[in-house]
Amino acid sequence: MGGERTMISTEETSVTIDATRYGENIANVEVTNGHKAERSPPQTGIIGPVATSGFEATRFTGRPFVIVTVGLPGRGKSYIARRIMRFLSWLGLKTCVFQVRGYRRKQEGKVLKHSPEFFDHGNEENSKIRDQVVENAIDDMIEWLRQGGNVGIMDGQNVQQKRRDLIYKKLSTVLDGDRILFLEVDESNKDRLANYKDMTLKCSSSYSDFASLEEASEDFDRRAEYYRKAQEPLSADSPFIKMENGGSDLVLNKVHGYLPCRVCNFLMNVNLSMQPIFLSRHGQSEFNLLGRIGGDSGLTDFGENYAQELAHWLRSNAPDGLEVWCSTLLRTRMTAVPMTGSFPTVYWRALEEIDAGVYDGLTYEEIQEQATVEFEKRKKNKYWYRYPHGESYHDLVARLEPVIMELERSKKPLLIISHQAVLRVIYAYLVESKPEYCTNLSMPLHTVVKLMPTYEGKFVEERVPILETDPEMAAVGTHGKEDVVETAAGSRNNKDA
C-alpha cells in the first residue's frame, strides 16, 4: 500500500486521503481507487447530524460519535475495536477504525521500524513525534466524520492522561463532550495474556519484520514495560467504559445516550474467545423441488440424504463442544435430526425464513404473473422491499439482532442450520459486508460455510460441499441470473430475488 491513495466519496463532496494513514479497517464506506480529488474547503464548528441507512436510521440521533481505546499492548484492543465496528456497520452506521500504529509506522511516506526506546514516555522528543502522529489520525478522523461518517474508533494505547486530554480537547472542537467515549481494555488472566501476546507477535504488522519469534517477544516486552511505567488511571471527568478480564467486568462512568448505551450493551455480551462458526441451509425441501418460496414443507429423499451426510461429516470434523442452532420450521428440524445425541441443539423462531406474506407458497413465475408491479418493485430494491403482510430483508436484520447478540456472547463453536435469506444476513454480518449487499450473497444448498476467526477480528472462509448437487438445484430460489456480483469472500454468484 506504500504510495497508494484511497478516495472516499459521498454524494456531496469527496476527499482523497492517504490509504496508509488510515487504519486497515474501513467499513460501510464506499471506497474506490482513483485520481486525486480536490480536498473540500476547511470546515469548523460542531459536526451536525448525519444520515444513516440501516435499521438504526429511525433511532440514531445522527450526531457523530468517537470511541478512543486505552490500554497496554497485547490486551485485545484492536480485536474489540473491530468487533464494535462490525456490529455498528451491520446496524447501518458508517464506522471506521483509525489505527495509530499504522500512522506511526508510515511517517512521511516511509515505513519505519521503531525500537522499544521510541516508546519511552520520558523522552520528550519521541513523545512529541508520537503526539503528532495521534493528531494526524485525529485530523483524518474529523475530516472523515465531516464527510458523513457516523462512528470513528481511534485504536491506540493512550495510557497517559496527558495524551487523552490532547485527544479530548482536539475532538471537542467538533463534537459535543458526550460523543467522546474512552474504552479501556485490561486483562489479568495469565492464559489470556499469553494468548493475546502470541496473537500479536504472529499477526501484528509491528512484528512482521523480526528474524525470530524470540526477538519479537523481547521487543514486545520492552515496549510494554515503557507503557506500563507511564500508565495512568482514567479521569472521572470524561465518559469511559473499562472492560476487564475478557469482558467479565465492566465499569461505566458518565455513559448516557442511545448509541453509547448500545455500545455498552454490545460489550456486555461480547465474548473474546475465538470460535469457528458453521453455516448450512436445510436439505432440499419439497418446496425447493417445486420452486415455491416459504411454506413449511418437509425434506425430499435427497434432502434427507444431505442431513445424514452432514451429521457424518460433523462427527469427523466438528470442533469439541459444537452446538447446533436451528429454526423451528420442519425442513431445518428434519435436517438436524441425525445429529440428535451427538450435538446439543437449540431451536430459534428468529431463525425462520423471511416471511413472504401473501405470496407464501407461490413460485416467482406466479408472483410475476399475478402481481407484476410488486414483482418489479422487489426486483429494483430487494433489501428494502417488504412483501405485503410479510417482511423485507431490512426487517430481517432487525429480527436477527437477538441472534447476533447471542452469537457474540457464545463461547462454543456453532453450527447454524437455517434458510437462505437468514443465512445471508448472518454471513453479511460476520464478513463485514453492508447489510444492503446481503441480498446478493451466495448460500447454496448442501454446502457448509466454515468461518474461522482471526486475530484482527476478521473471519477466514472455507466452503465445504457435503453432497454433490446440481448447481441449479443448489442455487434454488435464485432468480435474475443477469446480475453477477462478488461475495465478501470473493466468490462469484448470481443475484437472487
# chains A, B, ... in the order shown; residues from 1 in each chain; ligands from 1

call {"tool": "residues_around", "arguments": {"residues": "range 233-247 of chain A", "least_positions_apart": "3", "cutoff": "9 Å", "atoms": "only C-alpha atoms", "output": "ChimeraX atom specification"}}
result
/A:70,76,159-161,164,168,177-189,192,250-256,264,267-273

call {"tool": "select_by_dssp", "arguments": {"residues": "range 185-333 of chain A", "states": "alpha helix (DSSP H)", "output": "ChimeraX atom specification"}}
result
/A:190-203,213-230,258-269,286-290,301-317,330-333

call {"tool": "atom_distance", "arguments": {"atom1": "CA of Pro64 in chain A", "atom2": "CA of Leu396 in chain A"}}
result
25.9 Å

call {"tool": "residues_around", "arguments": {"residues": "Cys203 in chain A", "least_positions_apart": "3", "cutoff": "12 Å", "atoms": "only C-alpha atoms", "output": "PyMOL selection string"}}
result
chain A and resi 74+78-79+195-200+206-209+213+216+454-458

call {"tool": "write_last_selection", "arguments": {"atoms": "N, CA, C and O atoms", "output": "compact mmCIF listing (two decimals), in the first residue's frame"}}
result
# COMPACT_ATOMS: atom_id res chain seq x y z
N GLY A 74 -1.11 -5.72 23.64
CA GLY A 74 -1.46 -7.13 23.78
C GLY A 74 -2.62 -7.41 24.70
O GLY A 74 -2.67 -8.46 25.34
N SER A 78 -7.41 -3.97 19.58
CA SER A 78 -7.70 -3.94 18.14
C SER A 78 -8.80 -4.95 17.79
O SER A 78 -9.66 -4.68 16.95
N TYR A 79 -8.77 -6.10 18.44
CA TYR A 79 -9.78 -7.12 18.21
C TYR A 79 -11.16 -6.61 18.62
O TYR A 79 -12.14 -6.76 17.88
N ASN A 195 -2.05 -15.66 25.39
CA ASN A 195 -2.71 -15.86 24.09
C ASN A 195 -2.71 -14.58 23.28
O ASN A 195 -2.40 -14.58 22.07
N TYR A 196 -3.05 -13.44 23.92
CA TYR A 196 -3.06 -12.14 23.23
C TYR A 196 -1.66 -11.80 22.72
O TYR A 196 -1.49 -11.31 21.60
N LYS A 197 -0.66 -12.04 23.56
CA LYS A 197 0.71 -11.75 23.16
C LYS A 197 1.11 -12.59 21.96
O LYS A 197 1.70 -12.09 20.99
N ASP A 198 0.79 -13.87 22.02
CA ASP A 198 1.14 -14.78 20.93
C ASP A 198 0.48 -14.33 19.63
O ASP A 198 1.12 -14.32 18.56
N MET A 199 -0.81 -13.95 19.70
CA MET A 199 -1.51 -13.49 18.50
C MET A 199 -0.92 -12.18 17.98
O MET A 199 -0.81 -11.97 16.77
N THR A 200 -0.54 -11.28 18.90
CA THR A 200 0.05 -10.01 18.50
C THR A 200 1.35 -10.23 17.76
O THR A 200 1.60 -9.64 16.70
N SER A 206 3.45 -4.77 13.28
CA SER A 206 4.57 -4.21 14.03
C SER A 206 5.69 -5.23 14.26
O SER A 206 6.83 -4.86 14.54
N TYR A 207 5.36 -6.53 14.17
CA TYR A 207 6.35 -7.57 14.48
C TYR A 207 6.62 -8.49 13.30
O TYR A 207 7.20 -9.56 13.45
N SER A 208 6.19 -8.07 12.11
CA SER A 208 6.34 -8.94 10.93
C SER A 208 7.77 -8.99 10.40
O SER A 208 8.12 -9.90 9.65
N ASP A 209 8.60 -8.02 10.78
CA ASP A 209 9.96 -7.95 10.21
C ASP A 209 11.04 -8.59 11.08
O ASP A 209 12.22 -8.57 10.70
N LEU A 213 10.79 -15.35 16.50
CA LEU A 213 9.71 -15.08 17.45
C LEU A 213 10.28 -14.63 18.79
O LEU A 213 9.69 -13.80 19.48
N ALA A 216 11.15 -10.96 18.56
CA ALA A 216 9.92 -10.16 18.58
C ALA A 216 9.33 -10.11 19.99
O ALA A 216 8.83 -9.07 20.44
N THR A 454 -9.95 -14.66 13.15
CA THR A 454 -8.53 -14.33 13.19
C THR A 454 -8.27 -13.27 14.25
O THR A 454 -9.21 -12.68 14.80
N TYR A 455 -6.99 -13.00 14.50
CA TYR A 455 -6.59 -12.01 15.50
C TYR A 455 -7.17 -10.64 15.20
O TYR A 455 -7.58 -9.91 16.09
N GLU A 456 -7.24 -10.27 13.91
CA GLU A 456 -7.73 -8.94 13.55
C GLU A 456 -9.24 -8.80 13.74
O GLU A 456 -9.79 -7.72 13.58
N GLY A 457 -9.94 -9.89 14.05
CA GLY A 457 -11.38 -9.83 14.20
C GLY A 457 -12.12 -10.20 12.93
O GLY A 457 -13.34 -10.19 12.89
N LYS A 458 -11.37 -10.54 11.87
CA LYS A 458 -11.99 -10.97 10.63
C LYS A 458 -12.26 -12.47 10.67
O LYS A 458 -11.85 -13.17 11.60

call {"tool": "atom_distance", "arguments": {"atom1": "CA of Met473 in chain A", "atom2": "CA of Leu445 in chain A"}}
result
7.6 Å

call {"tool": "closest_residue", "arguments": {"among": "A:Arg101, A:Leu414, A:Ala398, A:Ser172", "to": "Ala318 in chain A", "atoms": "only C-alpha atoms"}}
result
A:Leu414

call {"tool": "closest_residue", "arguments": {"among": "A:Arg105, A:Glu352, A:Ile293, A:Lys382", "to": "Glu366 in chain A", "atoms": "only C-alpha atoms"}}
result
A:Ile293

call {"tool": "atom_distance", "arguments": {"atom1": "CA of Asp219 in chain A", "atom2": "CA of Ala81 in chain A"}}
result
23.9 Å

call {"tool": "closest_residue", "arguments": {"among": "A:Leu145, A:Ala224, A:Cys96, A:Ile426", "to": "Leu72 in chain A", "atoms": "only C-alpha atoms"}}
result
A:Ala224

call {"tool": "residues_around", "arguments": {"residues": "Tyr347 in chain A", "least_positions_apart": "6", "cutoff": "10 Å", "atoms": "only C-alpha atoms", "output": "number ranges by chain"}}
result
A: 324-329, 332-333, 416-417

call {"tool": "write_last_selection", "arguments": {"atoms": "N, CA and C atoms", "output": "mmCIF file, in the first residue's frame"}}
result
data_model
loop_
_atom_site.group_PDB
_atom_site.id
_atom_site.type_symbol
_atom_site.label_atom_id
_atom_site.label_comp_id
_atom_site.auth_asym_id
_atom_site.auth_seq_id
_atom_site.Cartn_x
_atom_site.Cartn_y
_atom_site.Cartn_z
ATOM 1 N N VAL A 324 -25.552 -26.771 18.003
ATOM 2 C CA VAL A 324 -26.335 -26.556 16.785
ATOM 3 C C VAL A 324 -27.498 -25.620 17.083
ATOM 4 N N TRP A 325 -27.611 -24.564 16.274
ATOM 5 C CA TRP A 325 -28.781 -23.678 16.315
ATOM 6 C C TRP A 325 -29.579 -23.912 15.042
ATOM 7 N N CYS A 326 -30.889 -23.977 15.183
ATOM 8 C CA CYS A 326 -31.702 -24.246 14.017
ATOM 9 C C CYS A 326 -33.049 -23.591 14.176
ATOM 10 N N SER A 327 -33.685 -23.297 13.035
ATOM 11 C CA SER A 327 -35.003 -22.663 13.073
ATOM 12 C C SER A 327 -36.049 -23.698 13.469
ATOM 13 N N THR A 328 -37.254 -23.248 13.741
ATOM 14 C CA THR A 328 -38.317 -24.154 14.202
ATOM 15 C C THR A 328 -39.126 -24.741 13.045
ATOM 16 N N LEU A 329 -38.825 -24.363 11.808
ATOM 17 C CA LEU A 329 -39.568 -24.906 10.667
ATOM 18 C C LEU A 329 -39.166 -26.350 10.401
ATOM 19 N N THR A 332 -35.751 -27.525 8.584
ATOM 20 C CA THR A 332 -34.500 -27.406 9.336
ATOM 21 C C THR A 332 -34.446 -28.406 10.480
ATOM 22 N N ARG A 333 -35.600 -28.643 11.104
ATOM 23 C CA ARG A 333 -35.625 -29.632 12.196
ATOM 24 C C ARG A 333 -35.316 -31.022 11.670
ATOM 25 N N ILE A 416 -25.127 -23.182 12.490
ATOM 26 C CA ILE A 416 -26.452 -22.595 12.336
ATOM 27 C C ILE A 416 -27.105 -23.204 11.099
ATOM 28 N N ILE A 417 -28.202 -23.933 11.312
ATOM 29 C CA ILE A 417 -28.973 -24.519 10.217
ATOM 30 C C ILE A 417 -30.207 -23.660 10.028
#

call {"tool": "select_by_dssp", "arguments": {"residues": "range 241-337 of chain A", "states": "strand (DSSP E)", "output": "PyMOL selection string"}}
result
chain A and resi 241-244+249-253+277-281+323-327

call {"tool": "write_last_selection", "arguments": {"atoms": "C-alpha atoms", "output": "PDB file, in the first residue's frame"}}
result
ATOM      1  CA  ILE A 241     -16.024   2.200  29.853  1.00  0.00           C
ATOM      2  CA  LYS A 242     -13.433  -0.013  31.500  1.00  0.00           C
ATOM      3  CA  MET A 243     -13.520  -3.599  30.251  1.00  0.00           C
ATOM      4  CA  GLU A 244     -11.624  -6.110  32.380  1.00  0.00           C
ATOM      5  CA  ASP A 249     -16.204  -6.947  34.433  1.00  0.00           C
ATOM      6  CA  LEU A 250     -17.379  -3.597  33.086  1.00  0.00           C
ATOM      7  CA  VAL A 251     -17.011  -0.232  34.819  1.00  0.00           C
ATOM      8  CA  LEU A 252     -19.055   2.656  33.410  1.00  0.00           C
ATOM      9  CA  ASN A 253     -18.596   6.359  34.019  1.00  0.00           C
ATOM     10  CA  ILE A 277     -18.930 -20.697  13.055  1.00  0.00           C
ATOM     11  CA  PHE A 278     -20.524 -23.048  10.510  1.00  0.00           C
ATOM     12  CA  LEU A 279     -23.499 -22.093   8.352  1.00  0.00           C
ATOM     13  CA  SER A 280     -25.728 -24.502   6.460  1.00  0.00           C
ATOM     14  CA  ARG A 281     -29.084 -24.313   4.741  1.00  0.00           C
ATOM     15  CA  GLU A 323     -23.649 -26.525  19.496  1.00  0.00           C
ATOM     16  CA  VAL A 324     -26.335 -26.556  16.785  1.00  0.00           C
ATOM     17  CA  TRP A 325     -28.781 -23.678  16.315  1.00  0.00           C
ATOM     18  CA  CYS A 326     -31.702 -24.246  14.017  1.00  0.00           C
ATOM     19  CA  SER A 327     -35.003 -22.663  13.073  1.00  0.00           C
TER      20      SER A 327
END

call {"tool": "closest_residue", "arguments": {"among": "A:Lys229, A:His389, A:Lys377, A:His282", "to": "His121 in chain A", "atoms": "only C-alpha atoms"}}
result
A:Lys229

call {"tool": "closest_residue", "arguments": {"among": "A:Glu365, A:Asp176, A:Glu461, A:Glu353", "to": "Ser418 in chain A", "atoms": "only C-alpha atoms"}}
result
A:Glu353

call {"tool": "residues_around", "arguments": {"residues": "Leu322 in chain A", "least_positions_apart": "5", "cutoff": "8 Å", "atoms": "only C-alpha atoms", "output": "count of residues only"}}
result
6

call {"tool": "decode", "arguments": {"residues": "range 63-80 of chain A", "atoms": "N, CA and C atoms", "output": "compact mmCIF listing (two decimals), in the first residue's frame"}}
result
# COMPACT_ATOMS: atom_id res chain seq x y z
N ARG A 63 -25.85 12.50 15.52
CA ARG A 63 -24.61 13.18 15.87
C ARG A 63 -23.45 12.18 15.85
N PRO A 64 -22.34 12.52 15.18
CA PRO A 64 -21.19 11.60 15.14
C PRO A 64 -20.70 11.26 16.54
N PHE A 65 -20.04 10.12 16.62
CA PHE A 65 -19.62 9.55 17.91
C PHE A 65 -18.23 8.97 17.74
N VAL A 66 -17.37 9.15 18.75
CA VAL A 66 -15.98 8.66 18.68
C VAL A 66 -15.66 7.80 19.91
N ILE A 67 -15.02 6.67 19.66
CA ILE A 67 -14.53 5.79 20.72
C ILE A 67 -13.00 5.80 20.66
N VAL A 68 -12.37 5.99 21.80
CA VAL A 68 -10.91 6.02 21.89
C VAL A 68 -10.46 4.87 22.79
N THR A 69 -9.69 3.93 22.25
CA THR A 69 -9.25 2.80 23.06
C THR A 69 -8.06 3.19 23.94
N VAL A 70 -7.98 2.54 25.09
CA VAL A 70 -6.94 2.79 26.09
C VAL A 70 -6.47 1.45 26.62
N GLY A 71 -5.15 1.30 26.81
CA GLY A 71 -4.67 0.08 27.43
C GLY A 71 -3.28 -0.32 26.99
N LEU A 72 -2.68 -1.23 27.73
CA LEU A 72 -1.33 -1.71 27.42
C LEU A 72 -1.34 -2.57 26.15
N PRO A 73 -0.19 -2.75 25.52
CA PRO A 73 -0.13 -3.61 24.33
C PRO A 73 -0.55 -5.05 24.65
N GLY A 74 -1.11 -5.72 23.64
CA GLY A 74 -1.46 -7.13 23.78
C GLY A 74 -2.62 -7.41 24.70
N ARG A 75 -3.58 -6.49 24.75
CA ARG A 75 -4.78 -6.69 25.60
C ARG A 75 -6.04 -6.98 24.78
N GLY A 76 -5.93 -6.99 23.47
CA GLY A 76 -7.09 -7.27 22.63
C GLY A 76 -7.86 -6.04 22.19
N LYS A 77 -7.23 -4.85 22.27
CA LYS A 77 -7.94 -3.61 21.92
C LYS A 77 -8.34 -3.59 20.45
N SER A 78 -7.41 -3.97 19.58
CA SER A 78 -7.70 -3.94 18.14
C SER A 78 -8.80 -4.95 17.79
N TYR A 79 -8.77 -6.10 18.44
CA TYR A 79 -9.78 -7.12 18.21
C TYR A 79 -11.16 -6.61 18.62
N ILE A 80 -11.23 -5.97 19.77
CA ILE A 80 -12.51 -5.44 20.25
C ILE A 80 -12.98 -4.29 19.37
